[in-house]
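Structure below is target.cif: mmCIF, C-alpha atoms.
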```cif
data_structure
loop_
_atom_site.label_atom_id
_atom_site.label_comp_id
_atom_site.auth_asym_id
_atom_site.auth_seq_id
_atom_site.Cartn_x
_atom_site.Cartn_y
_atom_site.Cartn_z
CA MET A 13 119.13 113.74 91.46
CA ASP A 14 121.38 112.78 94.34
CA LEU A 15 119.03 112.18 97.27
CA GLY A 16 121.84 112.75 99.74
CA ILE A 17 121.12 109.65 101.82
CA LYS A 18 123.89 107.27 100.75
CA GLY A 19 125.12 105.32 103.77
CA LYS A 20 121.93 105.84 105.78
CA ARG A 21 120.14 102.84 107.27
CA ALA A 22 116.45 102.12 106.67
CA LEU A 23 113.85 99.73 108.03
CA VAL A 24 111.23 98.91 105.38
CA CYS A 25 108.25 96.78 106.40
CA ALA A 26 106.33 94.37 104.17
CA ALA A 27 109.12 94.71 101.63
CA SER A 28 109.28 91.32 99.92
CA LYS A 29 107.01 92.44 97.06
CA GLY A 30 104.65 95.13 95.88
CA LEU A 31 104.86 98.70 97.12
CA GLY A 32 107.11 97.84 100.05
CA ARG A 33 109.64 96.30 97.71
CA GLY A 34 109.37 99.31 95.42
CA CYS A 35 110.34 101.54 98.35
CA ALA A 36 113.20 99.25 99.37
CA GLU A 37 114.56 99.16 95.81
CA ALA A 38 114.45 102.94 95.47
CA LEU A 39 116.21 103.49 98.78
CA ALA A 40 118.85 100.91 97.88
CA GLU A 41 119.42 102.65 94.55
CA ALA A 42 120.13 105.81 96.56
CA GLY A 43 122.80 103.91 98.53
CA VAL A 44 120.79 103.19 101.68
CA ASP A 45 121.52 100.01 103.65
CA LEU A 46 118.35 98.10 104.46
CA VAL A 47 116.61 95.99 107.03
CA ILE A 48 113.60 94.51 105.27
CA ASN A 49 110.72 92.59 106.75
CA ALA A 50 107.84 90.40 105.58
CA ARG A 51 106.09 87.29 106.84
CA GLY A 52 107.18 84.93 104.06
CA ALA A 53 110.82 83.96 104.56
CA GLU A 54 111.45 82.55 101.08
CA ALA A 55 110.14 85.55 99.12
CA LEU A 56 111.85 87.94 101.53
CA GLU A 57 115.24 86.28 101.13
CA GLN A 58 114.88 86.29 97.34
CA THR A 59 114.16 90.02 97.45
CA ALA A 60 117.12 90.64 99.77
CA THR A 61 119.47 88.77 97.44
CA ALA A 62 118.18 90.60 94.38
CA ILE A 63 118.62 94.03 96.02
CA ARG A 64 122.12 93.19 97.26
CA ASP A 65 123.17 92.00 93.81
CA ARG A 66 121.62 94.95 91.99
CA HIS A 67 122.60 97.83 94.23
CA GLY A 68 125.53 96.62 96.34
CA VAL A 69 124.08 97.71 99.66
CA ALA A 70 123.85 95.74 102.89
CA VAL A 71 120.46 94.06 103.30
CA THR A 72 119.28 92.27 106.43
CA ALA A 73 116.10 90.22 106.03
CA VAL A 74 113.89 89.48 109.04
CA ALA A 75 110.90 87.21 108.44
CA ALA A 76 108.25 88.09 111.02
CA ASP A 77 104.71 89.35 111.42
CA ILE A 78 105.28 93.05 112.03
CA THR A 79 101.77 93.41 113.46
CA SER A 80 102.56 91.09 116.37
CA GLN A 81 104.47 92.18 119.45
CA ASP A 82 107.01 89.36 119.11
CA GLY A 83 107.46 90.06 115.42
CA ARG A 84 108.10 93.74 116.00
CA ALA A 85 110.58 92.96 118.75
CA ALA A 86 112.55 90.67 116.44
CA VAL A 87 112.60 93.21 113.61
CA LEU A 88 113.56 96.12 115.84
CA GLU A 89 116.34 94.14 117.50
CA ALA A 90 117.81 93.27 114.11
CA ALA A 91 117.39 96.83 112.83
CA GLY A 92 119.05 98.65 115.71
CA ALA A 93 119.37 102.38 115.13
CA VAL A 94 117.84 103.45 111.83
CA ASP A 95 117.75 106.78 110.02
CA ILE A 96 114.71 105.95 107.91
CA LEU A 97 111.52 104.05 108.75
CA VAL A 98 108.95 102.96 106.17
CA THR A 99 105.90 101.38 107.77
CA ASN A 100 103.62 99.14 105.76
CA ALA A 101 101.12 96.37 106.46
CA GLY A 102 98.29 94.72 104.59
CA GLY A 103 94.84 96.15 105.13
CA PRO A 104 91.92 94.44 106.88
CA PRO A 105 89.30 92.60 104.80
CA PRO A 106 86.40 94.38 103.10
CA GLY A 107 82.80 93.98 104.15
CA LEU A 108 79.65 95.75 105.32
CA TRP A 109 79.22 97.86 108.43
CA SER A 110 76.99 95.14 109.83
CA ASP A 111 79.70 92.46 109.47
CA TRP A 112 82.14 93.85 112.01
CA ASP A 113 82.25 93.61 115.77
CA ARG A 114 84.68 94.87 118.39
CA ASP A 115 87.30 92.17 117.74
CA ASP A 116 87.40 93.07 114.05
CA PHE A 117 88.07 96.70 114.86
CA ILE A 118 90.73 95.82 117.43
CA ALA A 119 92.52 93.68 114.82
CA ALA A 120 92.34 96.49 112.27
CA LEU A 121 93.66 99.03 114.75
CA ASP A 122 96.49 96.68 115.75
CA GLY A 123 97.59 96.19 112.16
CA ASN A 124 97.10 99.59 110.58
CA MET A 125 97.29 102.09 113.43
CA LEU A 126 98.98 100.71 116.53
CA THR A 127 101.74 98.84 114.68
CA PRO A 128 103.11 101.89 112.85
CA ILE A 129 102.75 103.92 116.05
CA ALA A 130 104.77 101.31 117.97
CA LEU A 131 107.46 101.33 115.29
CA MET A 132 107.65 105.12 115.35
CA LYS A 133 107.89 105.18 119.15
CA ALA A 134 110.79 102.72 118.94
CA CYS A 135 112.69 104.53 116.19
CA LEU A 136 112.01 108.23 116.80
CA PRO A 137 114.20 108.66 119.93
CA GLY A 138 117.32 107.59 118.04
CA MET A 139 116.47 109.88 115.12
CA ILE A 140 115.92 112.79 117.50
CA ASP A 141 119.27 112.14 119.19
CA ALA A 142 120.96 112.06 115.79
CA GLY A 143 119.25 115.27 114.69
CA TRP A 144 117.97 113.70 111.49
CA GLY A 145 115.35 111.13 110.52
CA ARG A 146 112.66 110.26 108.03
CA VAL A 147 109.43 108.30 108.53
CA VAL A 148 107.06 107.41 105.72
CA ASN A 149 103.86 105.54 106.52
CA ILE A 150 102.25 103.73 103.59
CA THR A 151 98.55 104.20 104.27
CA SER A 152 95.72 104.48 101.72
CA GLY A 153 93.82 106.91 99.58
CA SER A 154 90.84 105.99 101.74
CA VAL A 155 91.91 108.57 104.33
CA LYS A 156 91.15 111.23 101.70
CA ALA A 157 88.03 109.58 100.28
CA PRO A 158 86.64 106.71 102.39
CA ILE A 159 85.85 103.48 100.55
CA PRO A 160 82.47 102.17 101.76
CA GLN A 161 83.39 98.48 101.86
CA LEU A 162 86.69 99.19 103.64
CA GLY A 163 85.26 100.57 106.87
CA LEU A 164 87.84 98.81 109.03
CA SER A 165 90.69 100.26 107.00
CA ASN A 166 89.06 103.70 106.82
CA ALA A 167 88.81 103.84 110.61
CA ALA A 168 92.27 102.52 111.47
CA ARG A 169 94.18 104.54 108.87
CA ALA A 170 92.30 107.72 109.74
CA GLY A 171 93.37 107.21 113.34
CA LEU A 172 97.01 106.87 112.26
CA THR A 173 96.67 110.01 110.15
CA GLY A 174 95.48 111.97 113.17
CA TYR A 175 98.34 110.65 115.29
CA VAL A 176 100.91 111.62 112.66
CA ALA A 177 99.44 115.11 112.28
CA GLY A 178 100.30 115.91 115.89
CA THR A 179 103.43 113.82 116.35
CA ALA A 180 105.15 115.05 113.18
CA ARG A 181 104.98 118.61 114.42
CA GLN A 182 106.53 117.64 117.74
CA VAL A 183 109.57 115.96 116.22
CA ALA A 184 110.14 118.34 113.29
CA PRO A 185 112.30 120.74 115.37
CA HIS A 186 114.79 117.88 115.74
CA GLY A 187 115.30 117.39 112.00
CA VAL A 188 112.89 114.45 111.84
CA THR A 189 110.03 114.38 109.36
CA ILE A 190 106.98 112.11 109.31
CA ASN A 191 104.70 111.91 106.27
CA ASN A 192 102.11 109.52 104.89
CA LEU A 193 102.15 108.16 101.34
CA LEU A 194 98.68 107.23 100.08
CA PRO A 195 98.58 104.71 97.23
CA GLY A 196 95.79 104.27 94.76
CA ILE A 197 95.69 101.20 92.53
CA HIS A 198 99.13 99.95 91.51
CA ALA A 199 100.15 96.97 89.39
CA THR A 200 100.74 94.62 92.31
CA ASP A 201 99.34 91.32 93.54
CA ARG A 202 96.60 93.23 95.37
CA ALA A 203 95.37 94.73 92.09
CA ILE A 204 95.24 91.28 90.56
CA MET A 205 93.24 90.03 93.54
CA LEU A 206 90.77 92.92 93.31
CA ASP A 207 90.37 92.62 89.56
CA THR A 208 89.92 88.86 89.81
CA GLY A 209 87.09 89.41 92.27
CA VAL A 210 85.41 91.88 89.92
CA ALA A 211 85.86 89.53 86.97
CA LYS A 212 84.19 86.65 88.82
CA ALA A 213 81.38 88.81 90.15
CA GLN A 214 80.56 90.30 86.75
CA GLY A 215 81.34 87.29 84.58
CA ILE A 216 84.01 89.11 82.58
CA THR A 217 87.67 88.45 81.85
CA LEU A 218 90.51 89.68 84.03
CA ASP A 219 91.64 92.02 81.24
CA GLU A 220 88.14 93.46 80.97
CA ALA A 221 87.98 93.99 84.72
CA ARG A 222 91.36 95.73 84.65
CA ALA A 223 90.34 97.96 81.74
CA GLN A 224 87.13 98.83 83.56
CA ARG A 225 89.04 99.96 86.64
CA GLN A 226 91.71 101.80 84.64
CA ALA A 227 88.96 103.81 82.95
CA THR A 228 88.11 105.35 86.33
CA ILE A 229 91.68 106.68 86.75
CA PRO A 230 92.51 109.94 84.94
CA ALA A 231 96.00 108.62 84.15
CA ARG A 232 94.22 105.63 82.50
CA ARG A 233 96.66 103.14 83.97
CA TYR A 234 97.78 101.58 87.22
CA GLY A 235 100.77 102.94 89.04
CA THR A 236 104.00 100.98 89.27
CA ALA A 237 105.85 99.90 92.37
CA ALA A 238 108.96 101.61 91.00
CA GLU A 239 107.38 105.07 90.73
CA PHE A 240 105.74 104.67 94.13
CA GLY A 241 109.13 103.73 95.57
CA ALA A 242 110.75 106.76 93.95
CA THR A 243 108.21 109.02 95.64
CA CYS A 244 108.93 107.35 98.97
CA ALA A 245 112.68 107.73 98.48
CA PHE A 246 112.29 111.45 97.77
CA LEU A 247 110.32 111.90 101.00
CA CYS A 248 113.22 110.16 102.76
CA SER A 249 115.82 112.36 101.10
CA GLN A 250 117.80 115.37 102.24
CA HIS A 251 115.63 117.48 99.93
CA ALA A 252 112.38 116.77 101.79
CA GLY A 253 113.21 118.26 105.17
CA PHE A 254 110.51 120.95 104.84
CA ILE A 255 107.72 118.45 104.06
CA VAL A 256 106.09 117.68 107.40
CA ALA A 257 102.86 115.85 108.33
CA GLN A 258 101.62 115.61 104.75
CA ASN A 259 99.35 113.03 103.14
CA ILE A 260 100.64 112.56 99.62
CA LEU A 261 98.42 110.81 97.10
CA ALA A 262 99.92 108.54 94.46
CA ASP A 263 96.73 107.52 92.66
CA GLY A 264 96.86 108.82 89.10
CA GLY A 265 94.23 111.41 89.94
CA ALA A 266 91.60 108.85 90.93
CA ILE A 267 90.41 110.78 93.98
CA ASN A 268 88.51 113.79 92.71
CA ALA A 269 89.39 116.42 95.31
CA THR A 270 90.76 119.95 95.33
CA LEU A 271 92.84 119.41 98.50
#
```
Have the structure of the file written as structure tokens, please.
Amino acid sequence: MDLGIKGKRALVCAASKGLGRGCAEALAEAGVDLVINARGAEALEQTATAIRDRHGVAVTAVAADITSQDGRAAVLEAAGAVDILVTNAGGPPPGLWSDWDRDDFIAALDGNMLTPIALMKACLPGMIDAGWGRVVNITSGSVKAPIPQLGLSNAARAGLTGYVAGTARQVAPHGVTINNLLPGIHATDRAIMLDTGVAKAQGITLDEARAQRQATIPARRYGTAAEFGATCAFLCSQHAGFIVAQNILADGGAINATL
């Protein structure tokens, strides 16, 4: 399928690896020029080179912490006017309700709610002026089914979801869509980290921990960054203009819900 976005320009955050890279690769395959961001300069530049060589699109790499004000300023200056924005940032650490104080919640809100809001506020005016734009926020399945040990993430991402629900309907008349893409477990470094923790806690092998988690997913496997990226690219396409303010799960059926 031709996504109809060849020649568009996209800003993809946290794109050096994992789900962010999957989104960047899928957009590049559709002919989209990229500005990609991550904190690690070496991995980011390697990703930029690989995408340029594979897809022949322009790729600008900006190493910066997107959750900091200075980092955002640097990325936005390099990006200029963009047609597509994909927000993404690592989640706050797990713990118990009794572990967290005000500073922990402020940090979580900064990273997973206020950062994507700031990026949208910076990019939406240009999209509105152009009469076309796409925003996809990579959030979490926890906004559909809260994860007890991820209270910080649950709170911050739920706040972002509420913001998007109202904002998306305000910008939709201008040809701009905003949607959230909610990942379950995918075969990324984060899955390895989680499975390693389970393996150590239970005294089992990494493969056993992975098999144990996969058994809880109806698809009986982890997702791939490539298929997650393809879903993101479709939401950014010309074909998705009537999809507005949605929270789309990509979790292999792991969350047992009717809606």
Going by the chain IDs and residue numbers used in this file, which residues fall under the PyMOL selection byres ((chain A and resi 219-234) around 7)? Write them as number ranges by chain. A: 197-199, 207, 210-211, 216-218, 235-236, 264-266
Going by the chain IDs and residue numbers used in this file, which residues fall under the PyMOL selection byres ((chain A and resi 93) around 9)? Write them as a tab-separated table (two decimals) with C-alpha atoms, in the frame of the given file.
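Output saved as selection02.tsv:
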```tsv
chain	number	residue	atom	x	y	z
A	21	ARG	CA	120.14	102.84	107.27
A	22	ALA	CA	116.45	102.12	106.67
A	88	LEU	CA	113.56	96.12	115.84
A	91	ALA	CA	117.39	96.83	112.83
A	92	GLY	CA	119.05	98.65	115.71
A	94	VAL	CA	117.84	103.45	111.83
A	95	ASP	CA	117.75	106.78	110.02
A	135	CYS	CA	112.69	104.53	116.19
A	138	GLY	CA	117.32	107.59	118.04
A	139	MET	CA	116.47	109.88	115.12
```
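Between atom CA of Val87 of chain A and atom CA of Ile48 of chain A lies a distance of 8.5 Å.
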Assuming the chain letters and numbering stay as they are in my file, what does the PyMOL selection byres ((chain A and resi 98) around 8) actually select? List them as a PyMOL selection string. chain A and resi 22-25+96-97+99-100+147-150
Could you give me, as a ChimeraX atom specification, the residues within 12 Å of segment 168-179 of chain A, counting all atoms listed in the file and dropping anything in the same chain fewer than 6 positions from it? /A:99-104,116-130,132-133,136,147-159,162,185,188-194,256-260
Which polymer residues have any atom within 9 Å of an atom of Ala73 of chain A, counting only C-alpha atoms, with same-chain residues fewer than 3 positions away left out, as a list in words? Leu46, Val47, Ile48, Asn49, Ala50, Ala53, Leu56, Glu57, Thr59, Ala60, Val87 and Ala90 of chain A
Deliver the residues from the most recent selection as a file, using C-alpha atoms, as an mmCIF file, keeping the file's coordinate frame.
```
data_model
loop_
_atom_site.group_PDB
_atom_site.id
_atom_site.type_symbol
_atom_site.label_atom_id
_atom_site.label_comp_id
_atom_site.auth_asym_id
_atom_site.auth_seq_id
_atom_site.Cartn_x
_atom_site.Cartn_y
_atom_site.Cartn_z
ATOM 1 C CA LEU A 46 118.350 98.100 104.460
ATOM 2 C CA VAL A 47 116.610 95.990 107.030
ATOM 3 C CA ILE A 48 113.600 94.510 105.270
ATOM 4 C CA ASN A 49 110.720 92.590 106.750
ATOM 5 C CA ALA A 50 107.840 90.400 105.580
ATOM 6 C CA ALA A 53 110.820 83.960 104.560
ATOM 7 C CA LEU A 56 111.850 87.940 101.530
ATOM 8 C CA GLU A 57 115.240 86.280 101.130
ATOM 9 C CA THR A 59 114.160 90.020 97.450
ATOM 10 C CA ALA A 60 117.120 90.640 99.770
ATOM 11 C CA VAL A 87 112.600 93.210 113.610
ATOM 12 C CA ALA A 90 117.810 93.270 114.110
#
```
Take atom CA of Arg202 of chain A and atom CA of Gln81 of chain A and report the distance between them in Å, one decimal. 25.4 Å
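Pairwise distance (atom CA of Arg64 of chain A, atom CA of Leu39 of chain A) equals 12.0 Å.
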Return the single residue from A:Val183, A:Pro160, A:Cys35, A:Asp111 that is closest to Asp141 of chain A, with distances computed using only C-alpha atoms. A:Val183
If we count all atoms listed in the file and set the cut-off at 10 Å, which residues sit around Ala85 of chain A, ignoring sequence neighbours fewer than 5 positions away in its own chain? Please answer as a PyMOL selection string. chain A and resi 76+78+80+90-91+131+134
Residues of the last selection are to be written out with C-alpha atoms, as a PDB file, keeping the file's coordinate frame.
```pdb
ATOM      1  CA  ALA A  76     108.250  88.090 111.020  1.00  0.00           C
ATOM      2  CA  ILE A  78     105.280  93.050 112.030  1.00  0.00           C
ATOM      3  CA  SER A  80     102.560  91.090 116.370  1.00  0.00           C
ATOM      4  CA  ALA A  90     117.810  93.270 114.110  1.00  0.00           C
ATOM      5  CA  ALA A  91     117.390  96.830 112.830  1.00  0.00           C
ATOM      6  CA  LEU A 131     107.460 101.330 115.290  1.00  0.00           C
ATOM      7  CA  ALA A 134     110.790 102.720 118.940  1.00  0.00           C
TER       8      ALA A 134
END
```
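Proximity of A:Lys29, A:Gly83, A:Gly34, A:Ala40 to Glu54 of chain A, computed with all atoms listed in the file, is greatest for A:Lys29.
Closest approach to Arg146 of chain A from the set A:Arg114, A:His186, A:Arg84, A:Lys212 is made by A:His186, with distances taken over all atoms listed in the file.
Closest approach to Ser249 of chain A among A:Val69, A:Ile204, A:Met13, A:Leu261 is made by A:Met13 (distances from all atoms listed in the file).
You can rank A:Ala213, A:Ala269, A:Ala42, A:Ala75 by their closest distance to Gly16 of chain A using all atoms listed in the file, and at the top of that list sits A:Ala42.
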Expected file content for segment 50-136 of chain A, C-alpha atoms, as a PDB file, in the first residue's frame:
```
ATOM      1  CA  ALA A  50      17.941   9.914  21.242  1.00  0.00           C
ATOM      2  CA  ARG A  51      20.328  10.562  24.114  1.00  0.00           C
ATOM      3  CA  GLY A  52      23.152   8.296  22.937  1.00  0.00           C
ATOM      4  CA  ALA A  53      25.005   9.947  20.068  1.00  0.00           C
ATOM      5  CA  GLU A  54      26.871   6.863  18.834  1.00  0.00           C
ATOM      6  CA  ALA A  55      23.837   4.569  18.560  1.00  0.00           C
ATOM      7  CA  LEU A  56      21.775   7.385  17.063  1.00  0.00           C
ATOM      8  CA  GLU A  57      24.312   8.111  14.339  1.00  0.00           C
ATOM      9  CA  GLN A  58      24.582   4.407  13.509  1.00  0.00           C
ATOM     10  CA  THR A  59      20.806   4.254  13.124  1.00  0.00           C
ATOM     11  CA  ALA A  60      20.773   7.395  10.971  1.00  0.00           C
ATOM     12  CA  THR A  61      23.419   5.960   8.662  1.00  0.00           C
ATOM     13  CA  ALA A  62      21.623   2.635   8.372  1.00  0.00           C
ATOM     14  CA  ILE A  63      18.298   4.296   7.494  1.00  0.00           C
ATOM     15  CA  ARG A  64      19.920   6.609   4.929  1.00  0.00           C
ATOM     16  CA  ASP A  65      21.679   3.693   3.261  1.00  0.00           C
ATOM     17  CA  ARG A  66      18.622   1.444   3.268  1.00  0.00           C
ATOM     18  CA  HIS A  67      15.896   3.863   2.242  1.00  0.00           C
ATOM     19  CA  GLY A  68      17.643   6.807   0.571  1.00  0.00           C
ATOM     20  CA  VAL A  69      15.874   9.477   2.598  1.00  0.00           C
ATOM     21  CA  ALA A  70      17.381  12.477   4.359  1.00  0.00           C
ATOM     22  CA  VAL A  71      18.041  11.787   8.045  1.00  0.00           C
ATOM     23  CA  THR A  72      19.136  14.381  10.586  1.00  0.00           C
ATOM     24  CA  ALA A  73      20.290  12.998  13.932  1.00  0.00           C
ATOM     25  CA  VAL A  74      20.106  15.139  17.078  1.00  0.00           C
ATOM     26  CA  ALA A  75      21.530  13.625  20.255  1.00  0.00           C
ATOM     27  CA  ALA A  76      19.724  15.213  23.197  1.00  0.00           C
ATOM     28  CA  ASP A  77      17.528  14.444  26.177  1.00  0.00           C
ATOM     29  CA  ILE A  78      14.073  15.178  24.788  1.00  0.00           C
ATOM     30  CA  THR A  79      12.643  15.395  28.311  1.00  0.00           C
ATOM     31  CA  SER A  80      14.792  18.420  29.145  1.00  0.00           C
ATOM     32  CA  GLN A  81      13.960  21.948  28.046  1.00  0.00           C
ATOM     33  CA  ASP A  82      17.376  22.460  26.437  1.00  0.00           C
ATOM     34  CA  GLY A  83      17.195  19.102  24.703  1.00  0.00           C
ATOM     35  CA  ARG A  84      13.777  19.836  23.243  1.00  0.00           C
ATOM     36  CA  ALA A  85      14.925  23.242  22.064  1.00  0.00           C
ATOM     37  CA  ALA A  86      17.871  21.709  20.217  1.00  0.00           C
ATOM     38  CA  VAL A  87      15.735  19.026  18.582  1.00  0.00           C
ATOM     39  CA  LEU A  88      12.977  21.428  17.559  1.00  0.00           C
ATOM     40  CA  GLU A  89      15.465  23.904  16.105  1.00  0.00           C
ATOM     41  CA  ALA A  90      17.022  21.171  13.981  1.00  0.00           C
ATOM     42  CA  ALA A  91      13.627  19.801  12.958  1.00  0.00           C
ATOM     43  CA  GLY A  92      12.041  23.045  11.809  1.00  0.00           C
ATOM     44  CA  ALA A  93       8.615  22.572  10.278  1.00  0.00           C
ATOM     45  CA  VAL A  94       7.499  18.946  10.348  1.00  0.00           C
ATOM     46  CA  ASP A  95       4.464  17.182   8.922  1.00  0.00           C
ATOM     47  CA  ILE A  96       4.651  14.211  11.275  1.00  0.00           C
ATOM     48  CA  LEU A  97       5.537  13.996  14.971  1.00  0.00           C
ATOM     49  CA  VAL A  98       6.140  10.731  16.825  1.00  0.00           C
ATOM     50  CA  THR A  99       6.681  11.281  20.542  1.00  0.00           C
ATOM     51  CA  ASN A 100       8.413   8.658  22.632  1.00  0.00           C
ATOM     52  CA  ALA A 101      10.332   8.538  25.907  1.00  0.00           C
ATOM     53  CA  GLY A 102      11.333   5.870  28.379  1.00  0.00           C
ATOM     54  CA  GLY A 103       8.979   5.257  31.269  1.00  0.00           C
ATOM     55  CA  PRO A 104       9.670   5.987  34.941  1.00  0.00           C
ATOM     56  CA  PRO A 105      10.933   3.191  37.207  1.00  0.00           C
ATOM     57  CA  PRO A 106       8.617   0.632  38.812  1.00  0.00           C
ATOM     58  CA  GLY A 107       7.927   0.475  42.519  1.00  0.00           C
ATOM     59  CA  LEU A 108       5.271   0.555  45.229  1.00  0.00           C
ATOM     60  CA  TRP A 109       2.827   3.348  45.976  1.00  0.00           C
ATOM     61  CA  SER A 110       4.695   3.977  49.203  1.00  0.00           C
ATOM     62  CA  ASP A 111       8.025   4.522  47.395  1.00  0.00           C
ATOM     63  CA  TRP A 112       7.101   7.708  45.565  1.00  0.00           C
ATOM     64  CA  ASP A 113       6.985  11.298  46.684  1.00  0.00           C
ATOM     65  CA  ARG A 114       6.181  14.552  44.916  1.00  0.00           C
ATOM     66  CA  ASP A 115       9.529  14.806  43.118  1.00  0.00           C
ATOM     67  CA  ASP A 116       9.060  11.333  41.631  1.00  0.00           C
ATOM     68  CA  PHE A 117       5.677  12.286  40.238  1.00  0.00           C
ATOM     69  CA  ILE A 118       6.979  15.581  38.858  1.00  0.00           C
ATOM     70  CA  ALA A 119       9.770  13.710  37.050  1.00  0.00           C
ATOM     71  CA  ALA A 120       7.278  11.215  35.631  1.00  0.00           C
ATOM     72  CA  LEU A 121       4.961  13.970  34.465  1.00  0.00           C
ATOM     73  CA  ASP A 122       7.867  15.839  32.870  1.00  0.00           C
ATOM     74  CA  GLY A 123       8.990  12.798  30.914  1.00  0.00           C
ATOM     75  CA  ASN A 124       5.752  11.126  29.899  1.00  0.00           C
ATOM     76  CA  MET A 125       3.127  13.862  29.885  1.00  0.00           C
ATOM     77  CA  LEU A 126       4.596  17.355  29.699  1.00  0.00           C
ATOM     78  CA  THR A 127       7.320  16.499  27.159  1.00  0.00           C
ATOM     79  CA  PRO A 128       4.944  15.188  24.480  1.00  0.00           C
ATOM     80  CA  ILE A 129       2.582  18.084  25.207  1.00  0.00           C
ATOM     81  CA  ALA A 130       5.436  20.571  24.707  1.00  0.00           C
ATOM     82  CA  LEU A 131       6.402  18.902  21.436  1.00  0.00           C
ATOM     83  CA  MET A 132       2.821  18.998  20.200  1.00  0.00           C
ATOM     84  CA  LYS A 133       2.455  22.665  21.132  1.00  0.00           C
ATOM     85  CA  ALA A 134       5.605  23.422  19.142  1.00  0.00           C
ATOM     86  CA  CYS A 135       4.649  21.417  16.054  1.00  0.00           C
ATOM     87  CA  LEU A 136       0.867  21.745  15.796  1.00  0.00           C
TER      88      LEU A 136
END
```
